[in-house]
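Next up, my_file29.cif (mmCIF, C-alpha atoms):
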data_final
loop_
_atom_site.label_atom_id
_atom_site.label_comp_id
_atom_site.auth_asym_id
_atom_site.auth_seq_id
_atom_site.Cartn_x
_atom_site.Cartn_y
_atom_site.Cartn_z
CA MET A 51 -15.47 -63.11 10.45
CA PRO A 52 -12.09 -62.05 11.94
CA ASP A 53 -12.09 -59.01 9.63
CA GLN A 54 -15.57 -58.06 10.81
CA ILE A 55 -14.50 -58.37 14.43
CA LEU A 56 -11.45 -56.21 13.72
CA THR A 57 -13.62 -53.61 11.97
CA LEU A 58 -16.02 -53.61 14.89
CA TYR A 59 -13.10 -53.25 17.33
CA GLN A 60 -11.78 -50.28 15.36
CA THR A 61 -15.07 -48.47 15.89
CA THR A 62 -14.60 -48.54 19.65
CA GLY A 63 -12.50 -46.18 21.74
CA PHE A 64 -10.31 -49.07 22.94
CA PHE A 65 -8.56 -49.15 19.55
CA TYR A 66 -7.41 -45.53 19.95
CA LEU A 67 -6.25 -45.61 23.54
CA THR A 68 -2.69 -44.40 24.13
CA PRO A 69 -0.33 -44.66 27.12
CA GLY A 70 -0.68 -40.91 27.59
CA MET A 71 -4.43 -41.26 28.06
CA ALA A 72 -3.87 -43.94 30.68
CA VAL A 73 -1.51 -41.59 32.54
CA MET A 74 -4.17 -38.87 32.47
CA TRP A 75 -6.69 -41.36 33.87
CA LEU A 76 -4.35 -41.87 36.82
CA ILE A 77 -4.10 -38.12 37.33
CA GLY A 78 -7.87 -37.73 37.17
CA LEU A 79 -8.42 -40.64 39.58
CA THR A 80 -5.83 -39.16 41.94
CA LEU A 81 -7.75 -35.86 42.08
CA ILE A 82 -10.99 -37.76 42.69
CA TYR A 83 -9.29 -39.72 45.48
CA LEU A 84 -7.96 -36.55 47.11
CA ALA A 85 -11.41 -34.97 46.90
CA ILE A 86 -13.24 -37.93 48.44
CA ALA A 87 -10.71 -39.49 50.81
CA LYS A 88 -8.79 -36.40 51.90
CA ASN A 89 -11.53 -33.77 51.46
CA TYR A 90 -9.14 -31.54 49.46
CA GLU A 91 -11.32 -28.90 47.74
CA PRO A 92 -13.87 -31.61 46.85
CA LEU A 93 -16.37 -29.23 45.24
CA LEU A 94 -13.88 -28.56 42.46
CA LEU A 95 -11.32 -31.34 42.43
CA LEU A 96 -14.07 -33.94 42.04
CA PRO A 97 -15.59 -32.49 38.82
CA ILE A 98 -12.13 -31.54 37.54
CA GLY A 99 -10.89 -35.10 38.06
CA PHE A 100 -13.92 -36.55 36.30
CA GLY A 101 -13.49 -34.01 33.49
CA ILE A 102 -9.93 -35.28 32.99
CA LEU A 103 -11.24 -38.83 32.60
CA LEU A 104 -13.80 -37.71 30.01
CA ALA A 105 -11.26 -35.65 28.07
CA ASN A 106 -9.10 -38.73 27.58
CA LEU A 107 -11.76 -41.05 26.21
CA PRO A 108 -11.19 -41.33 22.44
CA LEU A 109 -14.11 -40.87 20.04
CA SER A 110 -16.39 -39.46 22.76
CA GLY A 111 -16.49 -36.07 21.05
CA LEU A 112 -17.28 -34.34 24.33
CA MET A 113 -14.64 -31.66 23.70
CA GLU A 114 -15.12 -31.50 19.92
CA PRO A 115 -15.20 -27.78 18.96
CA ASN A 116 -18.69 -26.53 18.08
CA GLU A 117 -20.25 -29.94 18.74
CA GLY A 118 -19.18 -31.51 22.03
CA LEU A 119 -21.34 -31.14 25.12
CA ILE A 120 -18.51 -30.21 27.49
CA TRP A 121 -16.90 -28.00 24.84
CA ARG A 122 -20.10 -25.92 24.91
CA PHE A 123 -19.79 -25.58 28.69
CA TYR A 124 -16.19 -24.47 28.20
CA HIS A 125 -16.90 -22.11 25.30
CA TYR A 126 -19.98 -20.36 26.65
CA GLY A 127 -19.08 -20.52 30.33
CA ILE A 128 -15.33 -19.89 30.43
CA GLN A 129 -14.26 -18.45 27.08
CA TRP A 130 -17.21 -16.09 27.18
CA GLU A 131 -16.17 -15.11 30.75
CA ILE A 132 -19.50 -15.99 32.36
CA ILE A 133 -18.76 -18.62 34.99
CA PRO A 134 -15.81 -17.02 36.89
CA PRO A 135 -17.73 -13.75 37.46
CA LEU A 136 -20.75 -15.76 38.67
CA ILE A 137 -18.46 -17.54 41.13
CA PHE A 138 -17.41 -14.11 42.38
CA LEU A 139 -21.05 -13.11 42.78
CA GLY A 140 -21.46 -16.03 45.17
CA LEU A 141 -18.20 -15.24 46.96
CA GLY A 142 -19.30 -11.66 47.46
CA ALA A 143 -22.58 -12.82 48.98
CA LEU A 144 -20.59 -15.02 51.38
CA THR A 145 -18.02 -12.37 52.35
CA ASP A 146 -18.14 -10.16 55.43
CA PHE A 147 -15.95 -7.09 55.00
CA GLY A 148 -16.52 -6.10 58.63
CA PRO A 149 -13.11 -7.28 59.93
CA LEU A 150 -11.35 -5.35 57.17
CA LEU A 151 -13.35 -2.17 57.78
CA ALA A 152 -12.80 -2.43 61.53
CA ASN A 153 -9.02 -2.59 61.07
CA PRO A 154 -8.18 -1.00 57.68
CA ARG A 155 -4.42 -1.35 58.03
CA LEU A 156 -4.84 -5.09 57.52
CA ILE A 157 -5.52 -4.37 53.86
CA PHE A 158 -1.77 -3.84 53.44
CA LEU A 159 -1.19 -7.47 54.44
CA GLY A 160 -3.52 -8.56 51.65
CA ALA A 161 -1.56 -6.41 49.22
CA GLY A 162 1.80 -7.59 50.57
CA ALA A 163 0.85 -11.21 50.03
CA GLN A 164 0.64 -10.55 46.27
CA VAL A 165 4.44 -10.27 46.00
CA GLY A 166 4.64 -13.94 45.06
CA VAL A 167 2.47 -13.30 42.00
CA TYR A 168 4.95 -10.83 40.53
CA VAL A 169 8.08 -12.75 41.60
CA ALA A 170 6.80 -15.91 39.90
CA PHE A 171 5.83 -13.84 36.86
CA PHE A 172 9.44 -12.71 36.37
CA PHE A 173 10.88 -16.17 37.10
CA ALA A 174 8.56 -17.75 34.54
CA GLN A 175 9.88 -15.34 31.92
CA VAL A 176 13.45 -16.20 32.82
CA ILE A 177 12.92 -19.92 32.17
CA GLY A 178 11.28 -19.33 28.81
CA PHE A 179 7.54 -18.70 29.17
CA ASP A 180 6.18 -15.74 27.24
CA LEU A 181 4.61 -12.75 29.00
CA SER A 182 1.03 -14.01 28.79
CA GLU A 183 1.93 -17.47 30.06
CA ALA A 184 4.09 -16.01 32.84
CA SER A 185 1.24 -13.81 34.07
CA VAL A 186 -1.12 -16.78 34.35
CA ILE A 187 1.50 -18.84 36.17
CA GLY A 188 2.20 -15.95 38.53
CA ILE A 189 -1.44 -15.50 39.49
CA ILE A 190 -1.43 -19.03 40.92
CA GLY A 191 0.47 -17.52 43.86
CA GLY A 192 -2.71 -15.79 44.96
CA ALA A 193 -4.36 -19.22 45.45
CA ASP A 194 -7.52 -17.92 43.76
CA GLY A 195 -8.93 -20.50 41.35
CA PRO A 196 -11.64 -18.41 39.60
CA THR A 197 -9.22 -15.53 38.99
CA THR A 198 -6.62 -17.94 37.61
CA ILE A 199 -9.20 -19.43 35.25
CA PHE A 200 -10.44 -15.99 34.21
CA LEU A 201 -6.93 -14.78 33.37
CA ALA A 202 -5.91 -18.01 31.64
CA ALA A 203 -9.02 -17.97 29.45
CA ASN A 204 -8.10 -14.48 28.30
CA LEU A 205 -4.33 -14.72 27.91
CA SER A 206 -3.24 -18.38 27.67
CA PRO A 207 -6.11 -20.82 27.08
CA GLN A 208 -3.63 -23.66 26.48
CA LEU A 209 -2.53 -23.39 30.13
CA LEU A 210 -6.03 -23.18 31.58
CA GLY A 211 -6.32 -26.76 32.81
CA SER A 212 -2.87 -27.13 34.34
CA CYS A 213 -2.93 -23.68 35.99
CA ALA A 214 -6.44 -24.21 37.38
CA VAL A 215 -5.50 -27.58 38.88
CA ALA A 216 -2.34 -26.04 40.35
CA ALA A 217 -4.29 -23.15 41.89
CA TYR A 218 -6.96 -25.36 43.42
CA SER A 219 -4.37 -27.91 44.57
CA TYR A 220 -2.48 -25.24 46.51
CA MET A 221 -5.75 -23.90 47.92
CA ALA A 222 -6.49 -27.41 49.18
CA MET A 223 -3.00 -27.81 50.63
CA VAL A 224 -3.00 -24.52 52.55
CA PRO A 225 -3.15 -26.41 55.90
CA ILE A 226 -0.07 -28.40 54.84
CA ILE A 227 2.05 -25.73 53.12
CA GLN A 228 1.49 -22.65 55.27
CA PRO A 229 2.12 -23.74 58.91
CA PRO A 230 5.83 -24.64 58.43
CA ILE A 231 6.44 -21.29 56.71
CA MET A 232 4.57 -19.41 59.43
CA LYS A 233 6.55 -21.10 62.20
CA LEU A 234 9.85 -20.61 60.39
CA LEU A 235 9.37 -16.86 59.95
CA THR A 236 7.91 -16.04 63.38
CA THR A 237 8.98 -16.54 66.98
CA GLU A 238 6.71 -18.10 69.58
CA SER A 239 6.31 -14.74 71.29
CA GLU A 240 5.21 -13.18 67.99
CA ARG A 241 2.66 -15.93 67.47
CA LYS A 242 1.26 -15.16 70.93
CA ILE A 243 0.59 -11.51 70.14
CA LYS A 244 -3.06 -10.76 70.91
CA MET A 245 -4.89 -8.38 68.63
CA LYS A 246 -6.71 -5.60 70.44
CA LYS A 247 -10.46 -5.50 70.23
CA VAL A 248 -11.57 -3.46 67.23
CA ARG A 249 -14.53 -1.15 66.89
CA LYS A 250 -17.92 -2.29 65.73
CA VAL A 251 -18.58 -1.54 62.07
CA ASN A 252 -21.96 0.05 61.46
CA ARG A 253 -24.39 -1.01 58.74
CA LEU A 254 -23.94 2.15 56.69
CA GLU A 255 -20.21 1.48 56.30
CA LYS A 256 -20.90 -2.05 55.11
CA LEU A 257 -23.42 -0.75 52.60
CA PHE A 258 -21.14 1.89 51.17
CA PHE A 259 -18.05 -0.31 50.96
CA PRO A 260 -19.05 -2.50 47.96
CA ILE A 261 -20.40 0.52 46.07
CA VAL A 262 -17.38 2.74 46.64
CA SER A 263 -14.92 -0.12 46.10
CA ALA A 264 -16.52 -1.10 42.78
CA LEU A 265 -16.40 2.49 41.53
CA LEU A 266 -12.80 3.15 42.56
CA ILE A 267 -11.27 -0.20 41.55
CA ILE A 268 -13.01 -0.39 38.17
CA LEU A 269 -12.13 3.24 37.39
CA LEU A 270 -8.52 2.55 38.31
CA ILE A 271 -8.23 -0.85 36.57
CA PRO A 272 -11.11 -1.29 34.09
CA ALA A 273 -9.93 -4.79 33.10
CA SER A 274 -10.87 -6.03 36.58
CA ALA A 275 -14.52 -5.02 36.05
CA PRO A 276 -16.11 -8.47 35.40
CA LEU A 277 -14.84 -9.97 38.66
CA ILE A 278 -14.98 -6.89 40.89
CA ALA A 279 -18.45 -5.91 39.69
CA MET A 280 -19.94 -9.31 40.52
CA PHE A 281 -17.97 -9.61 43.78
CA MET A 282 -19.24 -6.29 45.08
CA LEU A 283 -22.80 -6.87 43.82
CA GLY A 284 -22.94 -10.13 45.76
CA ASN A 285 -21.69 -8.33 48.87
CA LEU A 286 -24.27 -5.59 48.39
CA PHE A 287 -26.98 -8.27 48.30
CA ARG A 288 -25.66 -9.55 51.62
CA GLU A 289 -25.40 -6.19 53.38
CA ALA A 290 -28.64 -4.68 52.05
CA LYS A 291 -30.66 -7.16 54.15
CA VAL A 292 -33.68 -6.67 51.87
CA VAL A 293 -32.99 -9.29 49.18
CA GLU A 294 -32.54 -12.44 51.22
CA ARG A 295 -33.80 -14.59 48.33
CA LEU A 296 -31.11 -13.21 46.02
CA THR A 297 -28.45 -13.54 48.71
CA ASN A 298 -29.38 -17.15 49.44
CA ALA A 299 -29.53 -18.00 45.73
CA ALA A 300 -26.09 -16.48 45.13
CA GLN A 301 -24.62 -18.26 48.16
CA ASN A 302 -26.17 -21.65 47.48
CA GLU A 303 -28.05 -22.66 44.33
CA LEU A 304 -26.20 -20.43 41.87
CA MET A 305 -22.80 -21.09 43.46
CA ASN A 306 -23.35 -24.85 43.35
CA ILE A 307 -24.54 -24.86 39.74
CA VAL A 308 -21.70 -22.75 38.36
CA THR A 309 -19.16 -24.77 40.37
CA ILE A 310 -20.24 -27.89 38.46
CA PHE A 311 -20.01 -26.14 35.11
CA LEU A 312 -16.63 -24.67 36.04
CA GLY A 313 -14.87 -27.80 37.25
CA LEU A 314 -16.01 -30.20 34.54
CA PRO A 315 -14.82 -28.22 31.47
CA VAL A 316 -11.61 -27.14 33.22
CA GLY A 317 -10.74 -30.80 33.73
CA ALA A 318 -11.79 -31.60 30.17
CA THR A 319 -9.16 -29.20 28.78
CA MET A 320 -6.48 -31.52 30.17
CA ASN A 321 -6.04 -34.12 27.46
CA ALA A 322 -2.81 -36.08 27.16
CA ASP A 323 -1.55 -34.11 24.15
CA THR A 324 -1.63 -30.76 25.93
CA PHE A 325 -0.94 -31.79 29.53
CA LEU A 326 1.90 -34.31 29.36
CA LYS A 327 4.64 -31.81 28.63
CA SER A 328 7.67 -30.65 30.58
CA ASP A 329 6.20 -27.16 30.78
CA VAL A 330 3.41 -28.45 33.02
CA ILE A 331 5.93 -29.60 35.63
CA PHE A 332 7.46 -26.12 35.67
CA ILE A 333 3.98 -24.60 36.06
CA PHE A 334 3.33 -26.63 39.22
CA ILE A 335 6.78 -25.81 40.62
CA LEU A 336 6.46 -22.10 39.86
CA GLY A 337 2.91 -22.05 41.24
CA LEU A 338 4.13 -23.57 44.51
CA PHE A 339 7.04 -21.10 44.56
CA ALA A 340 4.63 -18.19 44.07
CA PHE A 341 2.38 -19.44 46.86
CA VAL A 342 5.30 -19.81 49.28
CA ILE A 343 6.58 -16.32 48.45
CA SER A 344 3.07 -14.83 48.87
CA THR A 345 2.73 -16.42 52.30
CA SER A 346 6.22 -15.29 53.33
CA SER A 347 5.86 -11.73 52.06
CA GLY A 348 2.62 -11.23 53.98
CA ILE A 349 4.23 -12.39 57.22
CA LEU A 350 7.37 -10.31 56.69
CA LEU A 351 5.31 -7.21 55.90
CA ALA A 352 3.43 -7.60 59.18
CA LYS A 353 6.76 -7.85 61.03
CA PHE A 354 7.97 -4.74 59.20
CA ILE A 355 4.86 -2.76 60.15
CA ASN A 356 5.41 -3.75 63.78
CA LEU A 357 8.74 -1.92 63.75
CA PHE A 358 6.89 1.40 63.45
CA THR A 359 3.67 0.91 65.40
CA LYS A 360 2.78 0.57 69.06
CA ARG A 361 -0.27 -1.59 68.36
CA LYS A 362 1.46 -4.75 67.21
CA ILE A 363 0.02 -7.00 64.54
CA ASN A 364 0.32 -10.73 65.00
CA PRO A 365 2.60 -11.59 62.02
CA LEU A 366 0.61 -14.77 61.37
CA LEU A 367 -2.13 -12.56 59.93
CA GLY A 368 0.14 -11.82 56.97
CA ALA A 369 -0.20 -15.43 55.84
CA ALA A 370 -3.95 -14.89 55.48
CA GLY A 371 -3.29 -12.37 52.72
CA VAL A 372 -3.45 -15.09 50.07
CA SER A 373 -6.86 -15.45 48.46
CA ALA A 374 -7.74 -18.90 49.80
CA VAL A 375 -10.91 -17.81 51.63
CA PRO A 376 -11.53 -18.82 54.39
CA MET A 377 -8.98 -21.65 54.52
CA ALA A 378 -5.95 -19.37 55.06
CA ALA A 379 -7.72 -17.49 57.87
CA ARG A 380 -8.57 -20.77 59.60
CA VAL A 381 -4.96 -21.95 59.36
CA VAL A 382 -3.75 -18.67 60.88
CA HIS A 383 -6.21 -19.11 63.73
CA LYS A 384 -5.11 -22.70 64.30
CA VAL A 385 -1.38 -21.88 64.40
CA GLY A 386 -2.09 -18.97 66.76
CA MET A 387 -4.07 -21.28 69.06
CA GLU A 388 -1.15 -23.72 69.15
CA ALA A 389 1.00 -20.95 70.65
CA ASP A 390 -1.70 -19.67 73.01
CA LYS A 391 -5.08 -21.36 73.38
CA ARG A 392 -6.67 -18.01 74.32
CA ASN A 393 -5.46 -16.27 71.17
CA TYR A 394 -8.43 -15.99 68.80
CA LEU A 395 -7.25 -14.71 65.43
CA LEU A 396 -9.95 -15.91 63.04
CA MET A 397 -11.95 -12.68 62.89
CA TYR A 398 -8.81 -10.59 62.41
CA ALA A 399 -7.41 -12.98 59.79
CA MET A 400 -10.51 -12.53 57.65
CA GLY A 401 -9.47 -8.90 57.06
CA PRO A 402 -6.29 -9.62 55.07
CA ASN A 403 -7.94 -12.74 53.64
CA VAL A 404 -10.68 -10.82 51.81
CA ALA A 405 -8.17 -8.06 50.99
CA GLY A 406 -6.10 -10.74 49.30
CA VAL A 407 -9.02 -11.67 47.08
CA ILE A 408 -9.29 -8.07 45.91
CA GLY A 409 -5.51 -7.83 45.54
CA THR A 410 -5.33 -10.91 43.31
CA VAL A 411 -8.15 -9.61 41.11
CA ILE A 412 -6.34 -6.28 40.78
CA ALA A 413 -3.13 -8.13 39.83
CA ALA A 414 -5.07 -10.03 37.16
CA GLY A 415 -6.52 -6.74 35.94
CA VAL A 416 -3.05 -5.25 35.65
CA PHE A 417 -1.87 -8.22 33.58
CA LEU A 418 -4.93 -8.00 31.35
CA THR A 419 -4.44 -4.27 30.85
CA LEU A 420 -0.80 -4.66 29.89
CA LEU A 421 -1.01 -7.89 27.89
CA GLY A 422 -4.63 -8.42 26.85
#
So that I can check it, write out the structure of this file as C-alpha cells.
Amino acid sequence: MPDQILTLYQTTGFFYLTPGMAVMWLIGLTLIYLAIAKNYEPLLLLPIGFGILLANLPLSGLMEPNEGLIWRFYHYGIQWEIIPPLIFLGLGALTDFGPLLANPRLIFLGAGAQVGVYVAFFFAQVIGFDLSEASVIGIIGGADGPTTIFLAANLSPQLLGSCAVAAYSYMAMVPIIQPPIMKLLTTESERKIKMKKVRKVNRLEKLFFPIVSALLIILLIPASAPLIAMFMLGNLFREAKVVERLTNAAQNELMNIVTIFLGLPVGATMNADTFLKSDVIFIFILGLFAFVISTSSGILLAKFINLFTKRKINPLLGAAGVSAVPMAARVVHKVGMEADKRNYLLMYAMGPNVAGVIGTVIAAGVFLTLLG
C-alpha cells in the first residue's frame, strides 16, 4: 500500500516541484497583485502573471513544443509575428496624429527620446551580452511592449519573457519614474512655458499621413514593415470615417482578444530554468537605465531647441517622446499643471508621444536589418 501511494504521488506535479518554481510563483503573484491592487498595466500584467504561474506547474505540458496549448499561442501568435502587428493595428486605430501634424517639430522630441535605446544597447555589449541580446535589451528604453516582443521573438527568443515584463513594468511605472527626472532637469519657469495655439489640421492631411508614412518608412527600413504597415492601416481606418465597424473592431474586440493571447504566452516563457539567472537582473537594470536616458534625452533636446527658436517648447514635452502611449503624455500634462494650473500640455504632448512609437519601431527595424 505505501508503495502504491508513493507511485500515485509521483504521478502528480507536487513530486516535481522545485524551489525555483515556488520563486516564480511569487513573481507571478506579484505581477497579478500589481495589476489588480495598483492598476499597473492590468490588461497585460494580469495575463502575464497568470502565464508565469502556468509555466511553472510541472507535468502540465502547456508549454510542451508542438503539443501544449499555450505553446501553440506562442508559436503561431508570437514566433510567427502575428500578434504584435495586430496590436499595432489597434494602436493605429486609437491614435490621433493631429497634434504631431499641427506642430511637426515635435517629431524631433520623439526621435531624441530614442537615445536611451542605443546607449543601453552599447552598455549591454560592454557587460557581456551579444549583439542580438543587447538590441532587445536596448529597445526596452522605448517603453513599447509590442515592439520589444516583436524584436525579441526575432533576435533573442530566450529573453522574450524577461524583456517583455521589463518593458511593460516600466510602462506601468511611468508616473513614478518620470516626474523626478522631469523636475530635476527643468526649472519651474521652464515647466510653466505655455505652448502657443497650433493650427487646425484638415482631414486631407490626416488621410495622407498614414499612407505617405507607410510608404516612406517601409521603403527606408523594410524590416519595420510588419509593425508600421498595421499601425498605419489602423490609423487609416480611423481617419477615413467610412469604416466605423472596422475601426471599432480594431480598437476594441480585436485589441482585447490579441492582448489576451499576447500576455499569456509571454508569461509562460518565464519558467524557473530560463528566468532565475543573473542575466535577468542585468536586463531589468539596463532596461530601467535605458528608460531614464530616453526620458532625459527628450527633455534635454527640447531645451537645446529652445536655444535657437523664439517659439519656446515646454521641455516637459521631451519626456513624452517615449512610446508609452498615452501614459507619458498624461504625466507630462500632470507635471505641467503642478507648476501652473492653467498650463494644458496634454494635446501637445501627444505629438512627441506618437512620434516616439514610430521612432521605437524604426529603431527595432534598424536592429533587425543589421542583425536579423
field: Nearest to Ala414 (chain A) by atom-to-atom distance, counting all atoms listed in the file, from A:Gly188, A:Gly142, A:Pro260, A:Gly78
entry: A:Gly188
- request: With a distance cut-off of 9 Å and only C-alpha atoms, select the neighbouring residues of region 61-71 of chain A, excluding the residue or stretch itself and same-chain residues fewer than 4 positions from it, and output the selection as a list of chain:residue names.
  value: A:Leu56, A:Thr57, A:Trp75, A:Leu76, A:Leu103, A:Ala105, A:Asn106, A:Leu107, A:Pro108, A:Leu109, A:Ser110, A:Asn321, A:Ala322, A:Asp323, A:Leu326
Keeping C-alpha atoms, export the residues of the selection given above as a compact mmCIF listing (two decimals), keeping the file's coordinate frame.
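The resulting out-v8.txt:
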# COMPACT_ATOMS: atom_id res chain seq x y z
CA LEU A 56 -11.45 -56.21 13.72
CA THR A 57 -13.62 -53.61 11.97
CA TRP A 75 -6.69 -41.36 33.87
CA LEU A 76 -4.35 -41.87 36.82
CA LEU A 103 -11.24 -38.83 32.60
CA ALA A 105 -11.26 -35.65 28.07
CA ASN A 106 -9.10 -38.73 27.58
CA LEU A 107 -11.76 -41.05 26.21
CA PRO A 108 -11.19 -41.33 22.44
CA LEU A 109 -14.11 -40.87 20.04
CA SER A 110 -16.39 -39.46 22.76
CA ASN A 321 -6.04 -34.12 27.46
CA ALA A 322 -2.81 -36.08 27.16
CA ASP A 323 -1.55 -34.11 24.15
CA LEU A 326 1.90 -34.31 29.36
task: Counting only C-alpha atoms, figure out which residue out of A:Leu257, A:Leu270, A:Ala222, A:Met305 gets nearest to Ala378 (chain A).
output: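 Of the candidates, the smallest distance to Ala378 (chain A) is held by A:Ala222.
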message: Calculated over all atoms listed in the file, which of the candidates A:Met113, A:Val167, A:Val186, A:Leu139 has the smallest distance to Gly422 (chain A)?
response: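 Between A:Met113, A:Val167, A:Val186, A:Leu139, the residue approaching Gly422 (chain A) most closely is A:Val186.
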task: Measuring atom to atom with only C-alpha atoms, identify which of A:Ala161, A:Leu338, A:Leu367, A:Leu254 is nearest to Ile408 (chain A).
output: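 Closest to Ile408 (chain A), using only C-alpha atoms: A:Ala161.
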- request: Measuring atom to atom with all atoms listed in the file, identify which of A:Pro276, A:Pro229, A:Gly313, A:Pro207 is nearest to Ser346 (chain A).
  value: A:Pro229
Reconstructed N, CA and C atoms for region 216-233 of chain A, given as a PDB file, keeping the file's coordinate frame:
ATOM      1  N   ALA A 216      -3.382 -26.485  39.431  1.00  0.00           N
ATOM      2  CA  ALA A 216      -2.340 -26.040  40.350  1.00  0.00           C
ATOM      3  C   ALA A 216      -2.909 -25.095  41.404  1.00  0.00           C
ATOM      4  N   ALA A 217      -3.718 -24.118  40.956  1.00  0.00           N
ATOM      5  CA  ALA A 217      -4.290 -23.150  41.890  1.00  0.00           C
ATOM      6  C   ALA A 217      -5.172 -23.826  42.930  1.00  0.00           C
ATOM      7  N   TYR A 218      -6.059 -24.698  42.481  1.00  0.00           N
ATOM      8  CA  TYR A 218      -6.960 -25.360  43.420  1.00  0.00           C
ATOM      9  C   TYR A 218      -6.229 -26.374  44.289  1.00  0.00           C
ATOM     10  N   SER A 219      -5.163 -26.971  43.762  1.00  0.00           N
ATOM     11  CA  SER A 219      -4.370 -27.910  44.570  1.00  0.00           C
ATOM     12  C   SER A 219      -3.711 -27.178  45.728  1.00  0.00           C
ATOM     13  N   TYR A 220      -3.145 -25.995  45.444  1.00  0.00           N
ATOM     14  CA  TYR A 220      -2.480 -25.240  46.510  1.00  0.00           C
ATOM     15  C   TYR A 220      -3.492 -24.669  47.492  1.00  0.00           C
ATOM     16  N   MET A 221      -4.694 -24.308  47.002  1.00  0.00           N
ATOM     17  CA  MET A 221      -5.750 -23.900  47.920  1.00  0.00           C
ATOM     18  C   MET A 221      -6.077 -25.044  48.886  1.00  0.00           C
ATOM     19  N   ALA A 222      -6.161 -26.259  48.347  1.00  0.00           N
ATOM     20  CA  ALA A 222      -6.490 -27.410  49.180  1.00  0.00           C
ATOM     21  C   ALA A 222      -5.381 -27.734  50.164  1.00  0.00           C
ATOM     22  N   MET A 223      -4.139 -27.438  49.782  1.00  0.00           N
ATOM     23  CA  MET A 223      -3.000 -27.810  50.630  1.00  0.00           C
ATOM     24  C   MET A 223      -2.530 -26.676  51.528  1.00  0.00           C
ATOM     25  N   VAL A 224      -3.343 -25.616  51.650  1.00  0.00           N
ATOM     26  CA  VAL A 224      -3.000 -24.520  52.550  1.00  0.00           C
ATOM     27  C   VAL A 224      -2.673 -25.020  53.966  1.00  0.00           C
ATOM     28  N   PRO A 225      -3.469 -25.941  54.546  1.00  0.00           N
ATOM     29  CA  PRO A 225      -3.150 -26.410  55.900  1.00  0.00           C
ATOM     30  C   PRO A 225      -1.844 -27.195  55.978  1.00  0.00           C
ATOM     31  N   ILE A 226      -1.328 -27.642  54.849  1.00  0.00           N
ATOM     32  CA  ILE A 226      -0.070 -28.400  54.840  1.00  0.00           C
ATOM     33  C   ILE A 226       1.115 -27.472  54.547  1.00  0.00           C
ATOM     34  N   ILE A 227       0.939 -26.565  53.586  1.00  0.00           N
ATOM     35  CA  ILE A 227       2.050 -25.730  53.120  1.00  0.00           C
ATOM     36  C   ILE A 227       2.331 -24.566  54.058  1.00  0.00           C
ATOM     37  N   GLN A 228       1.277 -23.900  54.545  1.00  0.00           N
ATOM     38  CA  GLN A 228       1.490 -22.650  55.270  1.00  0.00           C
ATOM     39  C   GLN A 228       2.078 -22.785  56.685  1.00  0.00           C
ATOM     40  N   PRO A 229       1.606 -23.707  57.524  1.00  0.00           N
ATOM     41  CA  PRO A 229       2.120 -23.740  58.910  1.00  0.00           C
ATOM     42  C   PRO A 229       3.636 -23.801  59.044  1.00  0.00           C
ATOM     43  N   PRO A 230       4.370 -24.649  58.278  1.00  0.00           N
ATOM     44  CA  PRO A 230       5.830 -24.640  58.430  1.00  0.00           C
ATOM     45  C   PRO A 230       6.456 -23.289  58.088  1.00  0.00           C
ATOM     46  N   ILE A 231       5.921 -22.615  57.074  1.00  0.00           N
ATOM     47  CA  ILE A 231       6.440 -21.290  56.710  1.00  0.00           C
ATOM     48  C   ILE A 231       6.164 -20.294  57.821  1.00  0.00           C
ATOM     49  N   MET A 232       4.959 -20.340  58.367  1.00  0.00           N
ATOM     50  CA  MET A 232       4.570 -19.410  59.430  1.00  0.00           C
ATOM     51  C   MET A 232       5.457 -19.592  60.668  1.00  0.00           C
ATOM     52  N   LYS A 233       5.730 -20.842  61.012  1.00  0.00           N
ATOM     53  CA  LYS A 233       6.550 -21.100  62.200  1.00  0.00           C
ATOM     54  C   LYS A 233       8.018 -20.764  61.956  1.00  0.00           C
TER      55      LYS A 233
END
